[in-house]
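As provided, coords_7.pdb (PDB, C-alpha atoms) reads as follows.
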MODEL        1
ATOM      1  CA  MET A  67     -42.149 -54.963-135.407
ATOM      2  CA  THR A  68     -39.990 -55.230-132.332
ATOM      3  CA  ARG A  69     -38.721 -51.685-132.874
ATOM      4  CA  GLY A  70     -42.208 -50.155-132.958
ATOM      5  CA  ASN A  71     -42.110 -49.248-129.284
ATOM      6  CA  GLN A  72     -38.626 -47.744-129.575
ATOM      7  CA  ARG A  73     -39.777 -45.543-132.447
ATOM      8  CA  ASP A  74     -42.749 -44.301-130.468
ATOM      9  CA  LEU A  75     -40.585 -43.543-127.453
ATOM     10  CA  ALA A  76     -38.022 -41.747-129.626
ATOM     11  CA  ARG A  77     -40.788 -39.675-131.245
ATOM     12  CA  GLU A  78     -42.172 -38.675-127.838
ATOM     13  CA  LYS A  79     -38.713 -37.771-126.561
ATOM     14  CA  ASN A  80     -37.972 -35.685-129.653
ATOM     15  CA  GLN A  81     -41.340 -33.954-129.423
ATOM     16  CA  LYS A  82     -40.654 -32.942-125.813
ATOM     17  CA  LYS A  83     -37.211 -31.687-126.814
ATOM     18  CA  GLN A  84     -38.666 -29.608-129.649
ATOM     19  CA  GLN A  85     -41.272 -28.108-127.303
ATOM     20  CA  GLU A  86     -38.576 -27.094-124.817
ATOM     21  CA  LEU A  87     -36.553 -25.466-127.592
ATOM     22  CA  ALA A  88     -39.636 -23.624-128.786
ATOM     23  CA  LYS A  89     -40.217 -22.327-125.259
ATOM     24  CA  ARG A  90     -36.682 -20.957-125.082
ATOM     25  CA  LYS A  91     -36.929 -19.314-128.466
ATOM     26  CA  GLY A  92     -40.500 -18.221-127.769
ATOM     27  CA  ILE A  93     -39.338 -15.369-125.574
ATOM     28  CA  SER A  94     -39.266 -13.119-128.600
ATOM     29  CA  ASP A  95     -42.848 -14.075-129.471
ATOM     30  CA  LYS A  96     -44.353 -12.808-126.241
ATOM     31  CA  GLY A  97     -46.062  -9.531-125.555
ATOM     32  CA  THR A  98     -45.184  -6.652-127.841
ATOM     33  CA  ASN A  99     -42.926  -8.769-130.059
ATOM     34  CA  LYS A 100     -45.719 -11.064-131.196
ATOM     35  CA  GLY A 101     -46.202 -11.016-134.938
ATOM     36  CA  MET A 102     -43.161  -8.841-135.629
ATOM     37  CA  THR A 103     -40.257  -9.784-137.832
ATOM     38  CA  LEU A 104     -36.680  -9.459-136.662
ATOM     39  CA  GLU A 105     -36.172  -6.372-138.818
ATOM     40  CA  GLN A 106     -39.290  -4.707-137.389
ATOM     41  CA  ARG A 107     -38.107  -5.373-133.837
ATOM     42  CA  LYS A 108     -34.672  -3.939-134.646
ATOM     43  CA  GLN A 109     -36.200  -0.768-136.086
ATOM     44  CA  ARG A 110     -38.512  -0.342-133.111
ATOM     45  CA  ASP A 111     -35.718  -0.898-130.618
ATOM     46  CA  ALA A 112     -33.411   1.505-132.458
ATOM     47  CA  GLU A 113     -36.072   4.218-132.371
ATOM     48  CA  LEU A 114     -36.620   3.674-128.649
ATOM     49  CA  MET A 115     -32.886   3.974-128.005
ATOM     50  CA  ARG A 116     -32.686   7.205-130.031
ATOM     51  CA  GLU A 117     -35.496   8.682-127.951
ATOM     52  CA  LYS A 118     -33.805   7.571-124.756
ATOM     53  CA  GLN A 119     -30.517   9.158-125.850
ATOM     54  CA  LYS A 120     -32.264  12.443-126.714
ATOM     55  CA  LYS A 121     -33.850  12.550-123.265
ATOM     56  CA  ALA A 122     -30.479  11.888-121.624
ATOM     57  CA  GLN A 123     -28.831  14.683-123.647
ATOM     58  CA  GLN A 124     -31.595  17.123-122.728
ATOM     59  CA  LYS A 125     -31.227  16.195-119.086
ATOM     60  CA  ASP A 126     -27.450  16.751-119.225
ATOM     61  CA  GLU A 127     -27.886  20.146-120.901
ATOM     62  CA  LEU A 128     -30.064  21.393-118.069
TER      63      LEU A 128
ENDMDL
END
Just dump the structure as C-alpha cells.
Amino acid sequence: MTRGNQRDLAREKNQKKQQELAKRKGISDKGTNKGMTLEQRKQRDAELMREKQKKAQQKDEL
C-alpha cells in the first residue's frame, strides 16, 4: 500500500483540474444560457441578429 498516498494525491489533482475546466466551459451555463441546448442558443442568437439587422436597415433608410 505504498502507492495509496500517490493515488489520493493524483485524484485530488485531477479533481481540481476538472473543476477548472468546468469553470472555463461553464461560461455558457450562466445567466440567460442556463438550461438551454446549443441548438436553442443558436436559434435565439440568430433571431437577435436578424432583429438587429432590421433595425440597422431601417436606420439607414431614414
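We find atom CA of Asn99 of chain A and atom CA of Ala112 of chain A to be spaced 14.2 Å apart.
The space between atom CA of Asn71 of chain A and atom CA of Arg90 of chain A spans 29.1 Å.
You will find atom CA of Lys108 of chain A at 25.7 Å from atom CA of Lys125 of chain A.
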